[in-house]
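Text of the file entry.cif, holding mmCIF, C-alpha atoms and all ligand atoms:
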```
data_protein
loop_
_atom_site.label_atom_id
_atom_site.label_comp_id
_atom_site.auth_asym_id
_atom_site.auth_seq_id
_atom_site.Cartn_x
_atom_site.Cartn_y
_atom_site.Cartn_z
CA MET U 1 -137.47 92.81 -15.23
CA SER U 2 -136.72 91.15 -11.91
CA LEU U 3 -134.69 92.93 -9.27
CA THR U 4 -131.95 90.37 -9.70
CA ARG U 5 -131.76 91.06 -13.40
CA THR U 6 -131.75 94.79 -12.85
CA ALA U 7 -129.04 94.38 -10.29
CA ARG U 8 -127.09 92.16 -12.69
CA THR U 9 -127.28 94.65 -15.54
CA ARG U 10 -126.25 97.41 -13.19
CA ARG U 11 -123.45 95.29 -11.85
CA LEU U 12 -122.14 94.57 -15.30
CA THR U 13 -122.06 98.26 -16.15
CA ALA U 14 -120.54 99.05 -12.78
CA ALA U 15 -118.01 96.25 -13.10
CA LEU U 16 -116.81 97.76 -16.35
CA ALA U 17 -116.52 101.07 -14.55
CA VAL U 18 -114.50 99.39 -11.80
CA THR U 19 -112.19 97.89 -14.38
CA ALA U 20 -111.73 101.29 -15.95
CA ALA U 21 -111.15 102.94 -12.58
CA LEU U 22 -108.62 100.31 -11.62
CA ALA U 23 -106.85 100.64 -14.95
CA LEU U 24 -106.53 104.35 -14.30
CA GLY U 25 -105.28 103.64 -10.80
CA ALA U 26 -108.21 105.63 -9.43
CA THR U 27 -109.18 103.17 -6.72
CA ALA U 28 -109.32 105.75 -3.97
CA CYS U 29 -112.42 107.46 -5.36
CA GLY U 30 -115.10 105.23 -3.84
CA GLY U 31 -116.53 107.32 -1.06
CA THR U 32 -119.91 105.65 -1.30
CA THR U 33 -121.71 104.47 1.79
CA LYS U 34 -124.16 101.65 2.40
CA ASP U 35 -126.95 104.23 2.27
CA ASP U 36 -125.84 105.52 -1.10
CA ALA U 37 -125.91 101.93 -2.33
CA ALA U 38 -129.45 101.62 -0.98
CA LYS U 39 -130.52 104.72 -2.87
CA GLU U 40 -129.25 103.11 -6.04
CA GLY U 41 -131.58 100.21 -5.40
CA GLY U 42 -128.94 97.49 -5.18
CA THR U 43 -129.62 94.15 -3.52
CA ALA U 44 -126.70 95.00 -1.24
CA ALA U 45 -128.91 97.37 0.71
CA ALA U 46 -132.38 97.23 -0.69
CA GLY U 47 -133.71 99.82 1.73
CA LYS U 48 -136.18 97.81 3.75
CA ALA U 49 -135.73 94.24 4.88
CA ASP U 50 -138.38 91.64 4.06
CA PRO U 51 -137.98 88.78 6.55
CA ASN U 52 -140.27 86.62 4.43
CA ALA U 53 -138.41 87.13 1.17
CA GLU U 54 -137.46 83.89 -0.53
CA THR U 55 -133.89 82.69 0.02
CA LYS U 56 -132.08 83.21 -3.27
CA LYS U 57 -130.24 80.31 -4.86
CA ASP U 58 -127.45 80.08 -7.44
CA LEU U 59 -125.55 82.91 -5.82
CA THR U 60 -121.77 83.04 -5.68
CA VAL U 61 -120.60 83.62 -2.12
CA ALA U 62 -116.87 84.29 -1.80
CA PHE U 63 -114.92 83.88 1.44
CA LEU U 64 -111.80 85.99 1.89
CA PRO U 65 -110.13 84.98 5.18
CA LYS U 66 -107.27 86.85 6.85
CA GLN U 67 -104.96 84.03 5.86
CA VAL U 68 -105.73 80.98 3.70
CA ASN U 69 -103.24 78.50 5.13
CA ASN U 70 -104.24 79.04 8.75
CA PRO U 71 -106.05 75.91 10.09
CA TYR U 72 -108.49 78.13 12.00
CA PHE U 73 -109.69 79.64 8.71
CA THR U 74 -109.69 76.26 6.98
CA THR U 75 -112.21 75.09 9.58
CA ALA U 76 -114.19 78.35 9.50
CA ASP U 77 -114.39 78.50 5.72
CA ASN U 78 -115.32 74.82 5.42
CA GLY U 79 -118.24 75.61 7.72
CA GLY U 80 -119.07 78.47 5.33
CA LYS U 81 -118.81 76.18 2.31
CA LYS U 82 -121.21 73.62 3.76
CA ALA U 83 -123.75 76.32 4.60
CA VAL U 84 -123.49 78.04 1.20
CA GLU U 85 -123.96 74.72 -0.60
CA SER U 86 -126.86 73.71 1.66
CA LEU U 87 -128.59 76.91 0.52
CA GLY U 88 -128.20 75.99 -3.15
CA SER U 89 -125.43 78.48 -3.92
CA THR U 90 -121.79 78.31 -4.98
CA TYR U 91 -118.93 78.82 -2.55
CA LYS U 92 -115.46 80.02 -3.39
CA GLU U 93 -112.46 80.98 -1.29
CA VAL U 94 -109.66 83.37 -2.21
CA GLY U 95 -107.00 84.95 -0.03
CA THR U 96 -103.39 85.55 0.87
CA SER U 97 -101.09 83.18 2.72
CA SER U 98 -99.67 86.00 4.84
CA GLY U 99 -101.77 87.54 7.58
CA THR U 100 -100.24 90.98 6.89
CA ASP U 101 -100.79 91.33 3.13
CA THR U 102 -103.42 94.08 3.17
CA ALA U 103 -102.68 95.07 -0.46
CA GLY U 104 -103.36 91.45 -1.42
CA GLN U 105 -106.73 91.52 0.36
CA VAL U 106 -107.68 94.77 -1.41
CA SER U 107 -106.84 93.27 -4.77
CA TYR U 108 -108.96 90.18 -4.04
CA VAL U 109 -111.95 92.38 -3.18
CA ASN U 110 -111.52 94.33 -6.44
CA THR U 111 -111.30 91.12 -8.45
CA LEU U 112 -114.42 89.68 -6.80
CA THR U 113 -116.27 92.91 -7.61
CA GLN U 114 -115.21 92.71 -11.23
CA GLN U 115 -116.26 89.08 -11.35
CA GLN U 116 -119.68 90.12 -10.00
CA ALA U 117 -119.66 87.87 -6.95
CA ASP U 118 -123.05 88.15 -5.23
CA ALA U 119 -121.65 88.29 -1.71
CA ILE U 120 -118.29 88.54 0.03
CA ALA U 121 -117.49 87.35 3.56
CA VAL U 122 -114.16 88.82 4.61
CA SER U 123 -111.97 88.66 7.72
CA ALA U 124 -110.10 91.97 7.57
CA GLN U 125 -106.37 92.13 8.25
CA ASP U 126 -106.64 95.86 8.80
CA PRO U 127 -109.70 97.92 9.75
CA GLY U 128 -109.23 100.73 7.21
CA ALA U 129 -107.27 99.31 4.29
CA LEU U 130 -110.21 97.51 2.71
CA CYS U 131 -112.75 100.30 3.03
CA THR U 132 -112.53 101.86 -0.42
CA ALA U 133 -112.64 98.48 -2.15
CA LEU U 134 -115.53 97.21 -0.01
CA LYS U 135 -117.55 100.38 -0.57
CA GLN U 136 -116.99 99.98 -4.28
CA ALA U 137 -118.18 96.35 -4.01
CA MET U 138 -121.37 97.42 -2.17
CA LYS U 139 -121.97 100.16 -4.72
CA ASN U 140 -121.91 97.44 -7.36
CA GLY U 141 -124.58 95.44 -5.54
CA VAL U 142 -122.30 92.97 -3.78
CA SER U 143 -123.46 92.07 -0.26
CA VAL U 144 -120.58 92.52 2.17
CA VAL U 145 -120.19 90.72 5.47
CA THR U 146 -117.13 90.71 7.69
CA TYR U 147 -116.54 87.74 9.96
CA ASP U 148 -113.89 87.09 12.64
CA SER U 149 -112.16 90.47 12.14
CA ASP U 150 -114.11 93.60 11.27
CA THR U 151 -113.48 96.64 9.10
CA LYS U 152 -115.15 99.99 9.88
CA ALA U 153 -118.92 99.79 10.32
CA ASP U 154 -119.71 101.81 7.18
CA CYS U 155 -117.48 99.61 5.02
CA ARG U 156 -119.64 96.48 5.38
CA GLN U 157 -123.27 95.67 6.05
CA VAL U 158 -122.91 93.16 8.89
CA PHE U 159 -120.06 91.98 11.11
CA VAL U 160 -120.47 88.35 12.17
CA SER U 161 -118.66 88.28 15.50
CA GLN U 162 -117.40 85.13 17.19
CA ALA U 163 -118.53 86.23 20.67
CA SER U 164 -118.72 89.44 22.62
CA ALA U 165 -115.32 91.13 22.20
CA GLU U 166 -115.59 92.44 25.74
CA ASP U 167 -116.16 88.95 27.20
CA LEU U 168 -113.26 87.55 25.21
CA GLY U 169 -110.86 90.25 26.38
CA ARG U 170 -111.88 90.18 30.04
CA THR U 171 -112.09 86.39 30.41
CA GLN U 172 -108.57 85.88 29.06
CA VAL U 173 -107.24 88.18 31.81
CA GLN U 174 -109.40 86.44 34.42
CA GLU U 175 -108.05 83.04 33.35
CA MET U 176 -104.45 84.26 33.42
CA ALA U 177 -104.89 85.86 36.86
CA LYS U 178 -106.25 82.58 38.19
CA GLN U 179 -103.34 80.60 36.78
CA ILE U 180 -100.61 82.92 38.14
CA GLY U 181 -102.24 83.35 41.55
CA GLY U 182 -103.08 87.03 41.00
CA LYS U 183 -99.54 88.39 40.76
CA GLY U 184 -96.56 88.76 38.46
CA GLU U 185 -95.47 90.12 35.10
CA ILE U 186 -97.45 89.15 32.04
CA ALA U 187 -97.09 89.71 28.30
CA ILE U 188 -99.37 89.47 25.30
CA LEU U 189 -98.38 87.68 22.11
CA SER U 190 -100.74 88.94 19.41
CA ALA U 191 -101.17 88.47 15.65
CA ALA U 192 -100.71 91.42 13.24
CA GLN U 193 -100.33 94.85 14.77
CA THR U 194 -103.31 96.07 12.67
CA ALA U 195 -105.70 93.16 13.36
CA THR U 196 -109.05 94.62 14.41
CA ASN U 197 -110.17 91.58 16.35
CA GLN U 198 -107.00 91.13 18.44
CA ASN U 199 -106.70 94.88 19.06
CA THR U 200 -110.27 95.09 20.32
CA TRP U 201 -109.71 92.17 22.70
CA ILE U 202 -106.40 93.66 23.91
CA ASP U 203 -108.13 96.96 24.72
CA PHE U 204 -110.60 95.07 26.91
CA MET U 205 -107.72 93.12 28.52
CA LYS U 206 -106.03 96.41 29.46
CA ASP U 207 -109.29 97.74 30.82
CA GLU U 208 -109.83 94.60 32.88
CA LEU U 209 -106.29 94.90 34.28
CA LYS U 210 -107.17 98.33 35.68
CA LYS U 211 -109.45 96.71 38.28
CA PRO U 212 -108.07 96.69 41.87
CA GLU U 213 -107.98 92.88 42.06
CA TYR U 214 -105.20 92.91 39.43
CA LYS U 215 -103.01 95.51 41.16
CA ASP U 216 -100.17 92.96 41.51
CA ILE U 217 -100.22 92.02 37.83
CA LYS U 218 -98.12 94.06 35.42
CA LEU U 219 -98.45 93.91 31.64
CA VAL U 220 -94.84 94.37 30.51
CA LYS U 221 -95.12 93.99 26.74
CA THR U 222 -97.35 93.27 23.75
CA ALA U 223 -95.46 91.42 21.03
CA TYR U 224 -96.68 90.65 17.50
CA GLY U 225 -96.10 87.33 15.78
CA ASP U 226 -98.15 88.27 12.67
CA ASP U 227 -99.91 84.87 12.72
CA ASP U 228 -96.68 83.43 11.40
CA ALA U 229 -95.62 80.30 13.33
CA GLN U 230 -91.89 80.99 13.19
CA LYS U 231 -92.15 84.67 14.06
CA SER U 232 -94.53 83.87 16.95
CA PHE U 233 -92.08 81.25 18.27
CA GLN U 234 -89.21 83.76 18.11
CA GLN U 235 -91.28 86.47 19.75
CA THR U 236 -92.04 84.11 22.65
CA GLN U 237 -88.36 83.38 23.04
CA GLY U 238 -87.65 87.14 22.94
CA LEU U 239 -90.27 87.87 25.61
CA LEU U 240 -88.64 85.43 28.01
CA GLN U 241 -85.14 86.72 27.31
CA GLU U 242 -86.24 90.30 27.90
CA HIS U 243 -88.43 89.50 30.90
CA PRO U 244 -86.95 86.50 32.72
CA LYS U 245 -89.42 86.94 35.60
CA LEU U 246 -92.44 86.60 33.31
CA ALA U 247 -95.25 84.71 35.03
CA GLY U 248 -97.54 84.29 32.03
CA ILE U 249 -98.37 84.97 28.40
CA ILE U 250 -101.80 85.63 26.91
CA SER U 251 -101.96 84.86 23.20
CA PRO U 252 -105.31 85.76 21.59
CA THR U 253 -104.50 84.03 18.30
CA THR U 254 -104.57 80.35 17.38
CA VAL U 255 -101.24 80.63 15.56
CA GLY U 256 -99.59 82.54 18.41
CA ILE U 257 -100.74 80.33 21.27
CA LYS U 258 -99.65 77.18 19.46
CA ALA U 259 -96.18 78.58 18.71
CA ALA U 260 -95.81 79.85 22.29
CA ALA U 261 -96.82 76.43 23.66
CA GLN U 262 -94.30 74.78 21.40
CA TYR U 263 -91.55 77.07 22.67
CA LEU U 264 -92.49 76.68 26.34
CA ALA U 265 -92.84 72.89 26.06
CA GLY U 266 -89.21 72.57 24.94
CA SER U 267 -87.81 75.03 27.50
CA LYS U 268 -87.08 75.25 31.22
CA TYR U 269 -90.25 77.38 31.53
CA LYS U 270 -92.62 74.51 30.80
CA GLY U 271 -95.44 74.48 33.37
CA LYS U 272 -93.85 77.45 35.19
CA VAL U 273 -94.66 80.26 32.78
CA LYS U 274 -98.42 80.05 32.25
CA LEU U 275 -100.01 80.37 28.84
CA THR U 276 -103.61 81.07 27.95
CA GLY U 277 -105.55 82.76 25.13
CA LEU U 278 -107.41 81.55 22.07
CA GLY U 279 -106.50 78.21 20.49
CA THR U 280 -108.06 75.24 18.76
CA PRO U 281 -108.44 72.04 20.80
CA ASN U 282 -106.64 70.04 18.09
CA ASP U 283 -103.61 72.37 18.10
CA MET U 284 -103.44 72.53 21.88
CA ARG U 285 -104.35 68.97 22.95
CA ALA U 286 -100.74 67.74 23.26
CA TYR U 287 -99.71 70.79 25.29
CA VAL U 288 -102.64 70.42 27.68
CA LYS U 289 -101.82 66.75 28.16
CA ASN U 290 -98.10 67.33 28.76
CA GLY U 291 -98.70 70.06 31.34
CA THR U 292 -97.56 73.10 29.31
CA VAL U 293 -101.05 74.65 29.20
CA GLU U 294 -103.89 74.52 31.74
CA ALA U 295 -106.80 76.23 29.99
CA PHE U 296 -107.62 78.43 26.99
CA GLU U 297 -110.75 79.32 25.04
CA LEU U 298 -112.33 79.50 21.59
CA TRP U 299 -115.63 79.37 19.73
CA ASP U 300 -116.37 76.78 17.05
CA PRO U 301 -114.80 78.27 13.88
CA ALA U 302 -117.01 76.12 11.61
CA LYS U 303 -120.11 77.64 13.16
CA LEU U 304 -118.68 81.14 12.68
CA GLY U 305 -118.13 80.40 8.98
CA ALA U 306 -121.62 78.93 8.65
CA LEU U 307 -123.18 81.97 10.30
CA ALA U 308 -121.24 84.27 7.95
CA ALA U 309 -122.59 82.31 4.98
CA HIS U 310 -126.20 82.45 6.19
CA THR U 311 -125.85 86.17 6.90
CA ALA U 312 -124.44 86.86 3.42
CA VAL U 313 -127.28 84.97 1.75
CA ALA U 314 -129.91 86.63 3.98
CA LEU U 315 -128.54 90.04 2.95
CA GLU U 316 -128.42 89.16 -0.73
CA SER U 317 -131.98 87.80 -0.47
CA GLY U 318 -133.20 91.04 1.11
CA GLN U 319 -134.28 89.31 4.35
CA ILE U 320 -132.01 91.69 6.25
CA THR U 321 -130.20 94.91 5.35
CA GLY U 322 -127.90 95.16 8.36
CA GLN U 323 -130.11 97.36 10.54
CA GLU U 324 -130.39 96.77 14.29
CA GLY U 325 -133.31 94.52 15.27
CA GLU U 326 -133.67 92.61 11.99
CA LYS U 327 -134.03 88.86 12.46
CA PHE U 328 -133.05 85.99 10.17
CA LYS U 329 -132.74 82.22 10.22
CA ALA U 330 -129.34 80.58 9.97
CA GLY U 331 -130.21 76.91 9.35
CA ASP U 332 -129.28 74.57 12.21
CA LEU U 333 -127.72 77.48 14.11
CA GLY U 334 -131.18 78.94 14.74
CA GLU U 335 -132.46 82.50 14.58
CA PHE U 336 -130.22 85.55 14.96
CA THR U 337 -130.88 89.25 15.44
CA VAL U 338 -128.75 92.03 14.02
CA GLY U 339 -127.43 94.10 16.93
CA LYS U 340 -126.02 97.60 17.29
CA ASP U 341 -123.67 98.74 14.48
CA GLY U 342 -124.76 95.79 12.35
CA VAL U 343 -123.11 93.17 14.57
CA VAL U 344 -124.40 89.59 14.72
CA SER U 345 -122.85 87.53 17.51
CA LEU U 346 -122.37 83.75 17.42
CA GLY U 347 -122.59 83.23 21.18
CA LYS U 348 -120.39 82.29 24.12
CA PRO U 349 -116.93 80.73 23.67
CA THR U 350 -115.93 77.43 25.32
CA VAL U 351 -113.11 77.11 27.85
CA PHE U 352 -110.96 74.02 27.16
CA SER U 353 -108.90 72.15 29.74
CA LYS U 354 -107.83 68.57 30.49
CA SER U 355 -111.36 67.76 31.63
CA ASN U 356 -113.14 68.47 28.31
CA ILE U 357 -110.59 68.85 25.51
CA ASP U 358 -111.19 65.34 24.19
CA ASP U 359 -114.85 66.17 23.59
CA PHE U 360 -113.83 68.50 20.74
CA ASP U 361 -112.36 67.81 17.34
CA PHE U 362 -111.46 70.99 15.45
C1 LIG W 1 -106.07 83.41 14.42
C2 LIG W 1 -106.53 84.61 13.65
C3 LIG W 1 -108.02 84.85 13.81
C4 LIG W 1 -108.44 84.79 15.26
C5 LIG W 1 -108.02 83.49 15.87
C6 LIG W 1 -108.37 83.39 17.34
O1 LIG W 1 -106.38 82.24 13.73
O2 LIG W 1 -105.82 85.72 14.10
O3 LIG W 1 -108.35 86.09 13.25
O4 LIG W 1 -109.83 84.98 15.41
O5 LIG W 1 -106.62 83.35 15.74
#
```
Let me see the file written as structure tokens.
Amino acid sequence: MSLTRTARTRRLTAALAVTAALALGATACGGTTKDDAAKEGGTAAAGKADPNAETKKDLTVAFLPKQVNNPYFTTADNGGKKAVESLGSTYKEVGTSSGTDTAGQVSYVNTLTQQQADAIAVSAQDPGALCTALKQAMKNGVSVVTYDSDTKADCRQVFVSQASAEDLGRTQVQEMAKQIGGKGEIAILSAAQTATNQNTWIDFMKDELKKPEYKDIKLVKTAYGDDDAQKSFQQTQGLLQEHPKLAGIISPTTVGIKAAAQYLAGSKYKGKVKLTGLGTPNDMRAYVKNGTVEAFELWDPAKLGALAAHTAVALESGQITGQEGEKFKAGDLGEFTVGKDGVVSLGKPTVFSKSNIDDFDF
């Protein structure tokens, strides 16, 4: 019997067990780790990687973004879809419309496990909330990749990161400092308070701000707009009411920076209060052209989605297991190496300003 068939039979049995466990409300019992899964011989962690193993086809690869109706994830997941289909497998996307519905994300993971998806690529709304469900998925032979926003390292096999988190955090502070001439009060407008990606970047921003060259810059508040356009708009308004001397806002979320730009553009602060962070060129083009925003950064979300898809299929095919040093091919994106803690990094982000924004369409 082929490994796939064995894995399938095991999955079916395990899926029935999951159903039973869920019916009993016993979802918190899955303390299994990636290594336990490996011992069970699942494709999810088949012990040793074989870089020459054949790429499996006819797999079902499910994408579970932080938020389905967020244009950033629409672009990312479409990149994932193209890559999955180019590899001869089936793509599907499930997810919640709110960026703070962690219970919803958990329930999608459980459903995908019961449906015996071959691989899941998930952007986690919360680092810990998904752990039990993801461990259960891996125990059932599902390959688990996080992309964009990570869970804990033992709750997935690989994290596909958009760029170095440290670079992203530090460069946003450097850009802000340049725009405000090295002094003044600044604030951060983030996404959800639990978001792993934003929180990691913010930690690096705070660390960067400790350097002597930023002694005249004061971070006065971190606000959370939950990746909800209206809440982010209101939070921006609140920041300026509370801190009328604010010199700038850093918003490391595509939803937040767009809402903040919209608020500033229609206010007396336009062009005076600086705004930078992470945005898509299509969302921000008008605000760059009308002088509300000078520069901001981002990676190509479609490439991030494509890399997540290639990583998921490489795991499911046994070409990698998530150990440091393993190499795999990701189609047109080239060859990648799994780094420390199972992290695969897409590369360097692009800084967008008036001079180059029209070269990009996403
Ligand atoms: C939002 C989401 C996403 C983040 C981007 C920059 O779309 O919070 O997780 O990576 O912004």
Quick one: everything within 6 Å of stretch 141-154 of chain U, counting all atoms listed in the file, minus sequence neighbours fewer than 2 positions away in the same chain. Send it as a list in words.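 Once the adjacent positions are removed, what remains is Gly42, Thr43, Ala44, Asp118, Ala119, Ile120, Ala121, Val122, Ser123, Ala124, Pro127, Ala137, Met138, Lys139, Arg156, Gln157, Val158, Phe159, Val160, Ser161, Thr196, Asn197 and Glu316 of chain U.
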Polymer residues at most 9 Å from stretch 342-350 of chain U, only C-alpha atoms, same-chain spacing of 6 or more positions, as a PyMOL selection string: chain U and resi 153+156-164+167-168+296-300+303-304+307+311+321-324+333+336
Using all atoms listed in the file, find each residue with an atom at most 6 Å away from ligand LIG 1 (chain W) and format the answer as a PyMOL selection string. chain U and resi 72+148-149+191+252-255+278
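Our summary of the geometry notes that atom CA of U:Ile250 is positioned 16.5 Å from atom CA of U:Asp228.
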Given 4 Å of margin on each side, can you work out the centre and size in Å (one decimal) of an axis-aligned box holding every listed atom of stretch 210-223 of chain U, as lines of an AutoDock Vina configuration file?
```
center_x = -102.1
center_y = 94.9
center_z = 31.5
size_x = 22.6
size_y = 14.9
size_z = 29.0
```
Identify which of the residues U:Thr236, U:Thr276, U:Thr194, U:Thr55 lies closest to U:Ala177, counting all atoms listed in the file when measuring atom-to-atom distances. U:Thr276
Take stretch 165-186 of chain U, model N, CA, C and O atoms, and hand the result over as a PDB file, in the frame of the given file.
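part.pdb written:
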```
ATOM      1  N   ALA U 165    -116.741  90.771  22.130  1.00  0.00           N
ATOM      2  CA  ALA U 165    -115.320  91.130  22.200  1.00  0.00           C
ATOM      3  C   ALA U 165    -114.937  91.450  23.644  1.00  0.00           C
ATOM      4  O   ALA U 165    -113.845  91.108  24.115  1.00  0.00           O
ATOM      5  N   GLU U 166    -115.859  92.067  24.361  1.00  0.00           N
ATOM      6  CA  GLU U 166    -115.590  92.440  25.740  1.00  0.00           C
ATOM      7  C   GLU U 166    -115.388  91.188  26.597  1.00  0.00           C
ATOM      8  O   GLU U 166    -114.425  91.072  27.355  1.00  0.00           O
ATOM      9  N   ASP U 167    -116.287  90.210  26.448  1.00  0.00           N
ATOM     10  CA  ASP U 167    -116.160  88.950  27.200  1.00  0.00           C
ATOM     11  C   ASP U 167    -114.839  88.271  26.889  1.00  0.00           C
ATOM     12  O   ASP U 167    -114.143  87.784  27.786  1.00  0.00           O
ATOM     13  N   LEU U 168    -114.498  88.239  25.603  1.00  0.00           N
ATOM     14  CA  LEU U 168    -113.260  87.550  25.210  1.00  0.00           C
ATOM     15  C   LEU U 168    -112.043  88.211  25.843  1.00  0.00           C
ATOM     16  O   LEU U 168    -111.156  87.536  26.359  1.00  0.00           O
ATOM     17  N   GLY U 169    -111.998  89.545  25.803  1.00  0.00           N
ATOM     18  CA  GLY U 169    -110.860  90.250  26.380  1.00  0.00           C
ATOM     19  C   GLY U 169    -110.779  90.043  27.890  1.00  0.00           C
ATOM     20  O   GLY U 169    -109.739  89.653  28.431  1.00  0.00           O
ATOM     21  N   ARG U 170    -111.893  90.261  28.576  1.00  0.00           N
ATOM     22  CA  ARG U 170    -111.880  90.180  30.040  1.00  0.00           C
ATOM     23  C   ARG U 170    -111.623  88.755  30.542  1.00  0.00           C
ATOM     24  O   ARG U 170    -110.883  88.547  31.495  1.00  0.00           O
ATOM     25  N   THR U 171    -112.236  87.759  29.889  1.00  0.00           N
ATOM     26  CA  THR U 171    -112.090  86.390  30.410  1.00  0.00           C
ATOM     27  C   THR U 171    -110.664  85.859  30.237  1.00  0.00           C
ATOM     28  O   THR U 171    -110.200  85.064  31.044  1.00  0.00           O
ATOM     29  N   GLN U 172    -109.963  86.352  29.212  1.00  0.00           N
ATOM     30  CA  GLN U 172    -108.570  85.880  29.060  1.00  0.00           C
ATOM     31  C   GLN U 172    -107.698  86.409  30.212  1.00  0.00           C
ATOM     32  O   GLN U 172    -106.826  85.699  30.712  1.00  0.00           O
ATOM     33  N   VAL U 173    -107.973  87.639  30.647  1.00  0.00           N
ATOM     34  CA  VAL U 173    -107.240  88.180  31.810  1.00  0.00           C
ATOM     35  C   VAL U 173    -107.638  87.420  33.073  1.00  0.00           C
ATOM     36  O   VAL U 173    -106.786  87.050  33.897  1.00  0.00           O
ATOM     37  N   GLN U 174    -108.929  87.162  33.216  1.00  0.00           N
ATOM     38  CA  GLN U 174    -109.400  86.440  34.420  1.00  0.00           C
ATOM     39  C   GLN U 174    -108.741  85.062  34.511  1.00  0.00           C
ATOM     40  O   GLN U 174    -108.284  84.633  35.573  1.00  0.00           O
ATOM     41  N   GLU U 175    -108.661  84.377  33.377  1.00  0.00           N
ATOM     42  CA  GLU U 175    -108.050  83.040  33.350  1.00  0.00           C
ATOM     43  C   GLU U 175    -106.560  83.126  33.701  1.00  0.00           C
ATOM     44  O   GLU U 175    -106.047  82.335  34.490  1.00  0.00           O
ATOM     45  N   MET U 176    -105.882  84.101  33.136  1.00  0.00           N
ATOM     46  CA  MET U 176    -104.450  84.260  33.420  1.00  0.00           C
ATOM     47  C   MET U 176    -104.222  84.566  34.900  1.00  0.00           C
ATOM     48  O   MET U 176    -103.346  83.975  35.539  1.00  0.00           O
ATOM     49  N   ALA U 177    -105.034  85.484  35.448  1.00  0.00           N
ATOM     50  CA  ALA U 177    -104.890  85.860  36.860  1.00  0.00           C
ATOM     51  C   ALA U 177    -105.050  84.629  37.758  1.00  0.00           C
ATOM     52  O   ALA U 177    -104.308  84.451  38.736  1.00  0.00           O
ATOM     53  N   LYS U 178    -106.015  83.796  37.401  1.00  0.00           N
ATOM     54  CA  LYS U 178    -106.250  82.580  38.190  1.00  0.00           C
ATOM     55  C   LYS U 178    -105.010  81.679  38.139  1.00  0.00           C
ATOM     56  O   LYS U 178    -104.541  81.180  39.156  1.00  0.00           O
ATOM     57  N   GLN U 179    -104.461  81.528  36.944  1.00  0.00           N
ATOM     58  CA  GLN U 179    -103.340  80.600  36.780  1.00  0.00           C
ATOM     59  C   GLN U 179    -102.054  81.091  37.451  1.00  0.00           C
ATOM     60  O   GLN U 179    -101.242  80.283  37.895  1.00  0.00           O
ATOM     61  N   ILE U 180    -101.851  82.410  37.527  1.00  0.00           N
ATOM     62  CA  ILE U 180    -100.610  82.920  38.140  1.00  0.00           C
ATOM     63  C   ILE U 180    -100.832  83.354  39.591  1.00  0.00           C
ATOM     64  O   ILE U 180     -99.964  83.991  40.193  1.00  0.00           O
ATOM     65  N   GLY U 181    -101.980  83.026  40.150  1.00  0.00           N
ATOM     66  CA  GLY U 181    -102.240  83.350  41.550  1.00  0.00           C
ATOM     67  C   GLY U 181    -102.339  84.844  41.791  1.00  0.00           C
ATOM     68  O   GLY U 181    -101.948  85.338  42.859  1.00  0.00           O
ATOM     69  N   GLY U 182    -102.791  85.602  40.799  1.00  0.00           N
ATOM     70  CA  GLY U 182    -103.080  87.030  41.000  1.00  0.00           C
ATOM     71  C   GLY U 182    -101.884  87.944  41.044  1.00  0.00           C
ATOM     72  O   GLY U 182    -102.028  89.136  41.318  1.00  0.00           O
ATOM     73  N   LYS U 183    -100.667  87.442  40.767  1.00  0.00           N
ATOM     74  CA  LYS U 183     -99.540  88.390  40.760  1.00  0.00           C
ATOM     75  C   LYS U 183     -98.414  87.979  39.797  1.00  0.00           C
ATOM     76  O   LYS U 183     -98.244  86.803  39.493  1.00  0.00           O
ATOM     77  N   GLY U 184     -97.704  89.008  39.333  1.00  0.00           N
ATOM     78  CA  GLY U 184     -96.560  88.760  38.460  1.00  0.00           C
ATOM     79  C   GLY U 184     -96.623  89.549  37.169  1.00  0.00           C
ATOM     80  O   GLY U 184     -97.595  90.245  36.883  1.00  0.00           O
ATOM     81  N   GLU U 185     -95.543  89.418  36.395  1.00  0.00           N
ATOM     82  CA  GLU U 185     -95.470  90.120  35.100  1.00  0.00           C
ATOM     83  C   GLU U 185     -96.121  89.251  34.032  1.00  0.00           C
ATOM     84  O   GLU U 185     -95.908  88.034  34.005  1.00  0.00           O
ATOM     85  N   ILE U 186     -96.875  89.896  33.161  1.00  0.00           N
ATOM     86  CA  ILE U 186     -97.450  89.150  32.040  1.00  0.00           C
ATOM     87  C   ILE U 186     -97.166  89.880  30.727  1.00  0.00           C
ATOM     88  O   ILE U 186     -96.873  91.081  30.718  1.00  0.00           O
TER      89      ILE U 186
END
```
